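Enquirer: Quick one: this structure, given as structure tokens, is what I'll be asking you about.
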Amino acid sequence: MRSWTPSRRVRGFTKPVTRIAGLLRNLGGTPESAVQVLKAEYDADPGGRASGFCVHPLLVLLINELGEEGEL
């Protein structure tokens with residue numbers, strides 16, 4: 001996605017992750033204090049177009065550890 005031109009769009013990219021995270025919270029599978037999995041970043045207006053996406057640093061560490069252990 002980095003090489004995409006500014007005219008290209010990704011709509012609803014975070015919706016599945018946000019929906020599943022909310023479902024797990026509602027079912028008691030994750031605590032309310034759990035970090036946000038995937039977050040949209042905005043250059044200016046949060047209601048406007050996202051400039052990028054990020055994963056919480058704690059999750060990056062966890063994912064890297066799982067990858068090293070061959071669990072991914």
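Ordering of the structure tokens sets the chain letters (A, B, ...), residue numbers begin anew at 1 in every chain, and ligands are numbered from 1 in the order given.
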I want to know what sits within 8 Å of Leu59 of chain A, based on only C-alpha atoms, with residues of the same chain fewer than 4 positions away left out; could you give that as a PyMOL selection string?
Expert: chain A and resi 37+55+63
Enquirer: If you keep N, CA and C atoms, can you produce a file of those selected residues as a CSV table (one decimal), in the first residue's frame?
Expert:
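Dumped to out_14.csv:
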chain,number,residue,atom,x,y,z
A,37,VAL,N,-6.2,-3.0,18.5
A,37,VAL,CA,-5.4,-3.8,17.6
A,37,VAL,C,-4.9,-3.1,16.4
A,55,VAL,N,-0.2,-0.7,14.1
A,55,VAL,CA,-0.5,-1.8,15.1
A,55,VAL,C,0.1,-1.3,16.4
A,63,ILE,N,3.6,-10.4,18.2
A,63,ILE,CA,3.6,-11.0,16.9
A,63,ILE,C,5.0,-11.5,16.5
Enquirer: With only C-alpha atoms as the counted atoms, please give the residues lying no more than 12 Å from Phe53 of chain A, apart from itself and same-chain residues fewer than 2 positions off, as a list in words.
Expert: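 With the cut-off at 12 Å, the set is Met1, Arg2, Val10, Gly12, Phe13, Thr14, Gln36, Val37, Leu38, Lys39, Ala40, Glu41, Tyr42, Asp43, Arg49, Ala50, Ser51, Val55 and His56 of chain A.
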Enquirer: Rounded to one decimal, what separation in Å do you get between atom CA of Arg9 of chain A and atom CA of Gly52 of chain A?
Expert: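 It comes out at 10.9 Å.
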Enquirer: Where does DSSP see alpha helix (DSSP H) in segment 3-64 of chain A, if you list the residues as a PDB file with N, CA and C atoms, in the first residue's frame?
Expert:
ATOM      1  N   LYS A  15     -12.458  -2.017   9.810  1.00  0.00           N
ATOM      2  CA  LYS A  15     -13.767  -2.463  10.303  1.00  0.00           C
ATOM      3  C   LYS A  15     -13.795  -3.921  10.769  1.00  0.00           C
ATOM      4  N   PRO A  16     -13.263  -4.896  10.003  1.00  0.00           N
ATOM      5  CA  PRO A  16     -13.318  -6.283  10.491  1.00  0.00           C
ATOM      6  C   PRO A  16     -12.561  -6.486  11.802  1.00  0.00           C
ATOM      7  N   VAL A  17     -11.386  -5.894  11.915  1.00  0.00           N
ATOM      8  CA  VAL A  17     -10.584  -6.032  13.135  1.00  0.00           C
ATOM      9  C   VAL A  17     -11.300  -5.395  14.318  1.00  0.00           C
ATOM     10  N   THR A  18     -11.846  -4.198  14.116  1.00  0.00           N
ATOM     11  CA  THR A  18     -12.554  -3.495  15.181  1.00  0.00           C
ATOM     12  C   THR A  18     -13.810  -4.259  15.606  1.00  0.00           C
ATOM     13  N   ARG A  19     -14.526  -4.807  14.629  1.00  0.00           N
ATOM     14  CA  ARG A  19     -15.745  -5.568  14.929  1.00  0.00           C
ATOM     15  C   ARG A  19     -15.428  -6.822  15.746  1.00  0.00           C
ATOM     16  N   ILE A  20     -14.420  -7.571  15.342  1.00  0.00           N
ATOM     17  CA  ILE A  20     -14.061  -8.807  16.057  1.00  0.00           C
ATOM     18  C   ILE A  20     -13.533  -8.492  17.451  1.00  0.00           C
ATOM     19  N   ALA A  21     -12.721  -7.438  17.580  1.00  0.00           N
ATOM     20  CA  ALA A  21     -12.215  -7.043  18.899  1.00  0.00           C
ATOM     21  C   ALA A  21     -13.369  -6.669  19.822  1.00  0.00           C
ATOM     22  N   GLY A  22     -14.352  -5.940  19.306  1.00  0.00           N
ATOM     23  CA  GLY A  22     -15.521  -5.573  20.096  1.00  0.00           C
ATOM     24  C   GLY A  22     -16.344  -6.786  20.495  1.00  0.00           C
ATOM     25  N   LEU A  23     -16.488  -7.722  19.576  1.00  0.00           N
ATOM     26  CA  LEU A  23     -17.222  -8.955  19.864  1.00  0.00           C
ATOM     27  C   LEU A  23     -16.532  -9.740  20.978  1.00  0.00           C
ATOM     28  N   LEU A  24     -15.215  -9.870  20.901  1.00  0.00           N
ATOM     29  CA  LEU A  24     -14.469 -10.587  21.942  1.00  0.00           C
ATOM     30  C   LEU A  24     -14.597  -9.892  23.294  1.00  0.00           C
ATOM     31  N   ARG A  25     -14.582  -8.557  23.301  1.00  0.00           N
ATOM     32  CA  ARG A  25     -14.769  -7.820  24.562  1.00  0.00           C
ATOM     33  C   ARG A  25     -16.159  -8.101  25.135  1.00  0.00           C
ATOM     34  N   ASN A  26     -17.171  -8.056  24.267  1.00  0.00           N
ATOM     35  CA  ASN A  26     -18.550  -8.293  24.712  1.00  0.00           C
ATOM     36  C   ASN A  26     -18.744  -9.712  25.240  1.00  0.00           C
ATOM     37  N   PRO A  57       2.402  -1.046  19.554  1.00  0.00           N
ATOM     38  CA  PRO A  57       3.753  -1.596  19.754  1.00  0.00           C
ATOM     39  C   PRO A  57       3.791  -2.883  20.582  1.00  0.00           C
ATOM     40  N   LEU A  58       2.908  -3.024  21.558  1.00  0.00           N
ATOM     41  CA  LEU A  58       2.885  -4.266  22.345  1.00  0.00           C
ATOM     42  C   LEU A  58       2.502  -5.462  21.477  1.00  0.00           C
ATOM     43  N   LEU A  59       1.610  -5.238  20.525  1.00  0.00           N
ATOM     44  CA  LEU A  59       1.210  -6.319  19.640  1.00  0.00           C
ATOM     45  C   LEU A  59       2.307  -6.667  18.652  1.00  0.00           C
ATOM     46  N   VAL A  60       3.076  -5.676  18.233  1.00  0.00           N
ATOM     47  CA  VAL A  60       4.200  -5.937  17.331  1.00  0.00           C
ATOM     48  C   VAL A  60       5.189  -6.881  18.018  1.00  0.00           C
ATOM     49  N   LEU A  61       5.498  -6.609  19.287  1.00  0.00           N
ATOM     50  CA  LEU A  61       6.404  -7.482  20.033  1.00  0.00           C
ATOM     51  C   LEU A  61       5.849  -8.896  20.136  1.00  0.00           C
ATOM     52  N   LEU A  62       4.574  -9.024  20.446  1.00  0.00           N
ATOM     53  CA  LEU A  62       3.942 -10.326  20.579  1.00  0.00           C
ATOM     54  C   LEU A  62       3.967 -11.086  19.252  1.00  0.00           C
ATOM     55  N   ILE A  63       3.624 -10.414  18.175  1.00  0.00           N
ATOM     56  CA  ILE A  63       3.615 -11.049  16.853  1.00  0.00           C
ATOM     57  C   ILE A  63       5.015 -11.496  16.468  1.00  0.00           C
ATOM     58  N   ASN A  64       6.008 -10.659  16.729  1.00  0.00           N
ATOM     59  CA  ASN A  64       7.388 -11.028  16.412  1.00  0.00           C
ATOM     60  C   ASN A  64       7.830 -12.244  17.219  1.00  0.00           C
TER      61      ASN A  64
END
Enquirer: Please measure the separation of atom CA of Gly29 of chain A and atom CA of Gly67 of chain A, giving the value in Å to one decimal.
Expert: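 Answer for the atom CA of Gly29 of chain A to atom CA of Gly67 of chain A separation: 22.9 Å.
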Enquirer: So that I can check the secondary structure, give me every residue of chain A assigned strand (DSSP E) by backbone DSSP, as a PyMOL selection string.
Expert: chain A and resi 38-41+52-55
